[in-house]
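Containing compact mmCIF, C-alpha atoms: data.txt.
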```
# COMPACT_ATOMS: atom_id res chain seq x y z
CA MET R 1 0.00 0.00 0.00
CA GLY R 2 1.29 3.49 -0.83
CA PRO R 3 1.78 6.43 1.58
CA THR R 4 -1.27 7.39 3.60
CA ASN R 5 -1.96 11.10 3.05
CA ASP R 6 -4.83 11.57 5.50
CA PRO R 7 -4.25 9.79 8.84
CA THR R 8 -7.64 10.88 10.23
CA PRO R 9 -10.47 10.10 7.79
CA LYS R 10 -13.43 12.45 8.17
CA ASP R 11 -15.97 9.67 8.76
CA GLU R 12 -14.18 8.46 11.89
CA PRO R 13 -15.30 9.70 15.33
CA PRO R 14 -13.03 12.11 17.20
CA PHE R 15 -10.47 10.56 19.50
CA GLU R 16 -11.06 11.39 23.17
CA ASP R 17 -8.15 9.79 24.98
CA PRO R 18 -7.68 11.67 28.30
CA GLY R 19 -3.92 11.40 27.81
CA LEU R 20 -4.19 14.01 25.04
CA ASP R 21 -6.00 16.74 26.98
CA GLU R 22 -4.58 20.24 27.42
CA GLY R 23 -2.98 19.19 30.70
CA PHE R 24 -0.86 16.65 28.87
CA LEU R 25 0.14 19.13 26.18
CA GLN R 26 1.07 21.72 28.79
CA GLU R 27 3.13 19.12 30.62
CA LEU R 28 4.87 18.20 27.37
CA THR R 29 5.57 21.86 26.64
CA ALA R 30 7.01 22.36 30.11
CA VAL R 31 9.33 19.38 29.67
CA LEU R 32 10.70 20.67 26.38
CA LEU R 33 11.09 24.28 27.48
CA ALA R 34 12.38 23.68 31.00
CA THR R 35 14.87 20.91 30.33
CA SER R 36 18.56 21.78 30.20
CA GLY R 37 19.05 20.04 26.85
CA ILE R 38 16.90 19.56 23.76
CA ASP R 39 18.14 15.96 23.38
CA THR R 40 16.80 15.09 26.82
CA ALA R 41 13.53 16.87 26.06
CA LEU R 42 13.02 14.97 22.82
CA SER R 43 13.73 11.67 24.59
CA GLU R 44 10.97 12.53 27.03
CA LEU R 45 8.70 13.31 24.12
CA ALA R 46 9.43 10.01 22.35
CA THR R 47 8.62 8.15 25.55
CA ALA R 48 5.40 10.14 25.94
CA ALA R 49 4.43 9.45 22.31
CA SER R 50 4.77 5.72 22.92
CA ARG R 51 2.91 5.92 26.23
CA ILE R 52 -0.18 7.72 24.95
CA THR R 53 -0.54 5.81 21.66
CA PRO R 54 -2.86 2.80 21.96
CA GLY R 55 -0.77 -0.38 22.04
CA ALA R 56 2.36 1.61 23.07
CA PRO R 57 4.39 1.12 19.87
CA MET R 58 8.05 2.08 19.96
CA ALA R 59 8.75 5.70 19.01
CA GLY R 60 11.70 7.48 17.43
CA VAL R 61 12.24 11.13 16.53
CA THR R 62 14.29 11.82 13.41
CA LEU R 63 15.48 15.30 12.40
CA ARG R 64 17.07 16.55 9.19
CA LEU R 65 19.14 19.63 9.89
CA GLY R 66 21.91 20.99 7.73
CA GLY R 67 21.38 18.18 5.24
CA ARG R 68 22.12 15.50 7.82
CA VAL R 69 19.52 12.99 9.04
CA ARG R 70 19.81 11.41 12.46
CA THR R 71 17.67 9.94 15.19
CA VAL R 72 17.74 12.36 18.11
CA ALA R 73 15.47 10.47 20.49
CA SER R 74 13.75 7.12 20.96
CA SER R 75 11.52 5.43 23.51
CA GLU R 76 13.61 2.24 23.29
CA ALA R 77 17.05 1.26 22.02
CA THR R 78 15.48 -0.91 19.32
CA ALA R 79 13.65 2.11 17.88
CA LEU R 80 16.98 3.88 17.51
CA LEU R 81 18.46 0.83 15.78
CA VAL R 82 15.67 0.37 13.25
CA ASP R 83 15.60 4.10 12.51
CA GLU R 84 19.26 4.02 11.61
CA ILE R 85 18.95 0.90 9.45
CA GLN R 86 17.22 2.94 6.77
CA TYR R 87 19.92 5.63 6.87
CA ASP R 88 22.38 2.95 5.74
CA ASN R 89 19.97 1.53 3.18
CA GLY R 90 21.41 3.58 0.34
CA PRO R 91 19.06 5.22 -2.17
CA ALA R 92 16.27 2.82 -1.17
CA GLY R 93 15.88 4.66 2.15
CA GLY R 94 12.85 3.86 4.26
CA PRO R 95 9.45 5.16 5.47
CA CYS R 96 10.96 7.77 7.76
CA LEU R 97 13.03 9.35 5.00
CA GLU R 98 10.07 9.19 2.62
CA ALA R 99 7.87 10.99 5.16
CA ILE R 100 10.46 13.76 5.48
CA ASP R 101 11.00 14.06 1.71
CA SER R 102 7.31 14.01 0.80
CA GLY R 103 5.87 15.80 3.83
CA ARG R 104 3.19 13.10 4.03
CA VAL R 105 2.38 10.31 6.44
CA VAL R 106 3.89 6.99 5.38
CA GLN R 107 2.28 3.79 6.68
CA VAL R 108 3.60 0.26 6.30
CA ASP R 109 0.66 -2.10 6.74
CA ASP R 110 2.60 -5.35 6.97
CA LEU R 111 6.36 -5.67 6.67
CA ALA R 112 5.92 -9.31 5.65
CA THR R 113 4.39 -8.18 2.33
CA GLU R 114 6.10 -4.79 1.95
CA SER R 115 8.31 -4.49 -1.14
CA ARG R 116 9.37 -0.84 -0.94
CA TRP R 117 12.84 0.13 0.30
CA GLY R 118 14.70 -3.03 -0.65
CA GLU R 119 15.94 -5.13 2.27
CA TYR R 120 14.58 -2.73 4.90
CA SER R 121 11.46 -4.80 5.62
CA ALA R 122 13.50 -7.96 6.21
CA TYR R 123 15.70 -6.17 8.73
CA LEU R 124 12.70 -4.97 10.71
CA LEU R 125 10.98 -8.36 10.60
CA ALA R 126 14.14 -9.82 12.11
CA HIS R 127 13.62 -7.46 15.05
CA GLY R 128 10.07 -8.68 15.61
CA LEU R 129 8.28 -5.76 13.96
CA ARG R 130 5.33 -5.92 11.53
CA SER R 131 4.26 -2.33 10.84
CA VAL R 132 5.58 1.24 10.74
CA TYR R 133 3.91 4.65 10.88
CA SER R 134 5.99 7.76 10.06
CA HIS R 135 4.44 11.19 10.58
CA PRO R 136 6.32 14.26 9.27
CA LEU R 137 7.36 16.95 11.75
CA ARG R 138 6.88 20.53 10.58
CA ALA R 139 8.62 23.58 12.00
CA GLY R 140 6.53 26.33 10.49
CA GLU R 141 6.33 25.61 6.76
CA GLN R 142 9.43 23.41 6.75
CA VAL R 143 9.44 19.63 7.24
CA ILE R 144 12.47 18.98 9.41
CA GLY R 145 11.89 15.44 10.62
CA ALA R 146 9.51 12.62 11.38
CA LEU R 147 7.93 10.90 14.36
CA ASN R 148 8.34 7.17 13.70
CA MET R 149 6.24 4.49 15.38
CA TYR R 150 7.10 0.77 15.21
CA ALA R 151 4.73 -2.03 16.25
CA PRO R 152 4.95 -5.85 16.46
CA ALA R 153 1.43 -6.12 15.02
CA THR R 154 0.13 -5.24 11.56
CA ALA R 155 -1.14 -1.71 10.97
CA ASP R 156 -4.83 -2.62 10.98
CA SER R 157 -4.58 -3.34 14.71
CA ALA R 158 -1.54 -1.23 15.69
CA PHE R 159 -2.39 2.02 13.88
CA GLY R 160 -6.16 2.32 13.93
CA PRO R 161 -8.05 5.63 14.17
CA ASP R 162 -7.22 6.24 17.84
CA ALA R 163 -3.52 5.59 17.34
CA ARG R 164 -3.32 7.76 14.22
CA GLN R 165 -5.03 10.68 15.92
CA ALA R 166 -2.77 10.35 18.96
CA ILE R 167 0.33 10.35 16.76
CA ALA R 168 -0.94 13.32 14.74
CA ARG R 169 -1.53 15.36 17.90
CA VAL R 170 1.91 14.59 19.30
CA ALA R 171 3.60 15.25 15.94
CA GLU R 172 1.85 18.59 15.56
CA HIS R 173 2.78 19.65 19.06
CA THR R 174 6.36 18.49 18.60
CA GLY R 175 6.63 20.50 15.40
CA LEU R 176 5.43 23.64 17.18
CA LEU R 177 7.99 23.18 19.92
CA LEU R 178 10.80 22.45 17.48
CA HIS R 179 9.83 25.61 15.60
CA ALA R 180 10.18 27.57 18.84
CA VAL R 181 13.58 25.98 19.49
CA LEU R 182 14.81 26.84 15.98
CA GLN R 183 13.50 30.39 16.29
CA ALA R 184 15.37 30.76 19.57
CA ALA R 185 18.54 29.42 17.92
CA ARG R 186 18.17 31.89 15.06
CA HIS R 187 17.60 34.69 17.56
CA ALA R 188 20.80 33.69 19.37
CA GLU R 189 22.69 33.66 16.07
CA ILE R 190 21.37 37.10 15.09
CA THR R 191 22.23 38.44 18.55
CA ALA R 192 25.78 37.11 18.23
CA GLN R 193 26.12 38.71 14.79
CA LEU R 194 24.83 42.00 16.15
CA ARG R 195 27.22 41.79 19.09
CA ASP R 196 30.15 41.27 16.73
CA ALA R 197 29.04 44.08 14.44
CA LEU R 198 28.68 46.57 17.29
CA ALA R 199 32.03 45.56 18.80
CA GLN R 200 33.72 45.98 15.41
CA ARG R 201 32.03 49.34 14.91
CA ALA R 202 33.36 50.58 18.25
CA THR R 203 36.88 49.48 17.28
CA ILE R 204 36.63 51.30 13.94
CA GLU R 205 35.45 54.48 15.65
CA GLN R 206 38.37 54.33 18.08
CA ALA R 207 40.84 53.81 15.21
CA VAL R 208 39.35 56.76 13.32
CA GLY R 209 39.98 58.93 16.37
CA VAL R 210 43.60 57.72 16.58
CA LEU R 211 44.29 58.52 12.92
CA MET R 212 42.61 61.92 13.17
CA GLY R 213 44.96 62.81 16.03
CA GLN R 214 48.07 61.39 14.37
CA ARG R 215 47.49 62.80 10.88
CA ARG R 216 45.45 65.88 11.65
CA CYS R 217 42.77 64.74 9.21
CA SER R 218 39.00 64.53 9.15
CA ALA R 219 37.01 61.48 10.16
CA GLU R 220 36.13 60.84 6.51
CA GLU R 221 39.80 60.91 5.53
CA ALA R 222 40.79 58.60 8.39
CA PHE R 223 38.09 56.13 7.40
CA ALA R 224 39.26 56.23 3.77
CA ILE R 225 42.85 55.52 4.87
CA MET R 226 41.77 52.37 6.71
CA ARG R 227 39.55 51.23 3.88
CA ARG R 228 42.38 51.53 1.36
CA ALA R 229 44.70 49.65 3.71
CA GLY R 230 42.17 46.85 3.99
CA GLN R 231 41.74 46.61 0.23
CA THR R 232 45.51 46.57 -0.31
CA THR R 233 46.16 43.83 2.26
CA ASP R 234 42.88 41.93 1.73
CA ARG R 235 41.76 42.38 5.33
CA SER R 236 38.51 43.54 6.86
CA LEU R 237 38.05 47.08 8.08
CA GLY R 238 37.75 45.76 11.62
CA GLU R 239 41.12 44.01 11.41
CA VAL R 240 42.81 47.17 10.10
CA ALA R 241 41.21 49.22 12.86
CA ALA R 242 42.41 46.76 15.50
CA ASP R 243 45.98 47.05 14.16
CA VAL R 244 45.79 50.86 14.31
CA ILE R 245 44.74 50.78 17.95
CA THR R 246 47.35 48.15 18.81
CA SER R 247 50.16 50.19 17.25
CA PHE R 248 49.01 53.24 19.22
CA THR R 249 48.31 51.70 22.63
CA GLY R 250 50.45 48.53 22.55
CA GLN R 251 47.38 46.41 23.36
CA ARG R 252 44.68 44.74 21.29
CA PRO R 253 41.33 46.50 21.60
CA ARG R 254 38.76 45.01 23.93
CA PRO R 255 35.08 45.01 22.95
CA SER R 256 32.77 47.20 24.99
CA PRO R 257 30.18 45.50 27.22
CA PHE R 258 27.20 44.45 25.08
CA VAL R 259 23.58 45.00 26.06
CA ASP R 260 21.16 42.95 23.95
CA PRO R 261 18.62 45.39 22.50
CA LEU R 262 16.31 42.64 21.18
```
Before anything else, please render the file you have as structure tokens.
Amino acid sequence: MGPTNDPTPKDEPPFEDPGLDEGFLQELTAVLLATSGIDTALSELATAASRITPGAPMAGVTLRLGGRVRTVASSEATALLVDEIQYDNGPAGGPCLEAIDSGRVVQVDDLATESRWGEYSAYLLAHGLRSVYSHPLRAGEQVIGALNMYAPATADSAFGPDARQAIARVAEHTGLLLHAVLQAARHAEITAQLRDALAQRATIEQAVGVLMGQRRCSAEEAFAIMRRAGQTTDRSLGEVAADVITSFTGQRPRPSPFVDPL
């Protein structure tokens, strides 16, 4: 059977598992935001995904960042192992990679009859598994990973309506939290760039003042002198300015204390 695009058919009744109420989602949010490390947080999430899904299938969280795919968390060691089998499966790949590439849910009904992905099915059968359910993880508009569920039973019993809705809820919530984490990382990167830019600007201004005093020239002329020196020696303006200050004071310039304005 091909990839399943709609994990929650409209004619199925809503899932009302108490484990998926707002209290659970708030608890999950608190774990991810309060933990000291995102790896630990995602491990907690994988365990929670297994716990609240009917039948408690094994869970793994795969992320693709910077072109690299890796399993960052799993509810059991076996889930980590079977995730990584498909990474070494060459161009054939596996359901997790297909879910990430396509942005759609990929369901394997029965590994005993599954012919996609080459030898992947045989490897999983050897580990006592019969079905797989991979749900893409979205951070904003970008698919950055997948929540992978592995069960010893076929999909008709392991990934029925209740299980699919549970997985969809967890995957959606995980994506929102990962989006927040990535936004925070980008904010930190922008802050660091701003810090460097302001520190370099302060150094340039100090060097301009030194040259104005030494050469009795205007600020514009001092700036032009440093720019020409940078072009001649293939160095940045900040590096030239630091050399000017060092030659004048005998010490490398120190950046001024930075106050984050964001």
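Pairwise distance (CA of Ile144 (chain R), CA of Gly55 (chain R)) equals 26.6 Å.
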| message | Can you pull out the residues contacting region 64-72 of chain R? Cut-off 12 Å, using only C-alpha atoms, and skip same-chain residues under 4 positions away; I want them as a PyMOL selection string. | response | chain R and resi 37-46+59-60+76-88+93+96-97+99-101+136-139+142-148+178+182
| For Tyr120 (chain R), the nearest of the candidates R:Gly140, R:Pro95, R:Gly103, R:Gly175, counting all atoms listed in the file | R:Pro95
| said: Neighbouring residues of Glu205 (chain R) were defined as those with any atom within 9 Å, considering all atoms listed in the file; residues of the same chain fewer than 4 positions away were excluded. Please report them as a PyMOL selection string. | reply: chain R and resi 200-201+209-210+223+241
| said: What does the structure give for the distance between CA of Val105 (chain R) and CA of Ser134 (chain R), in Å to one decimal? | reply: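 Rounded to one decimal, the two atoms are 5.7 Å apart.
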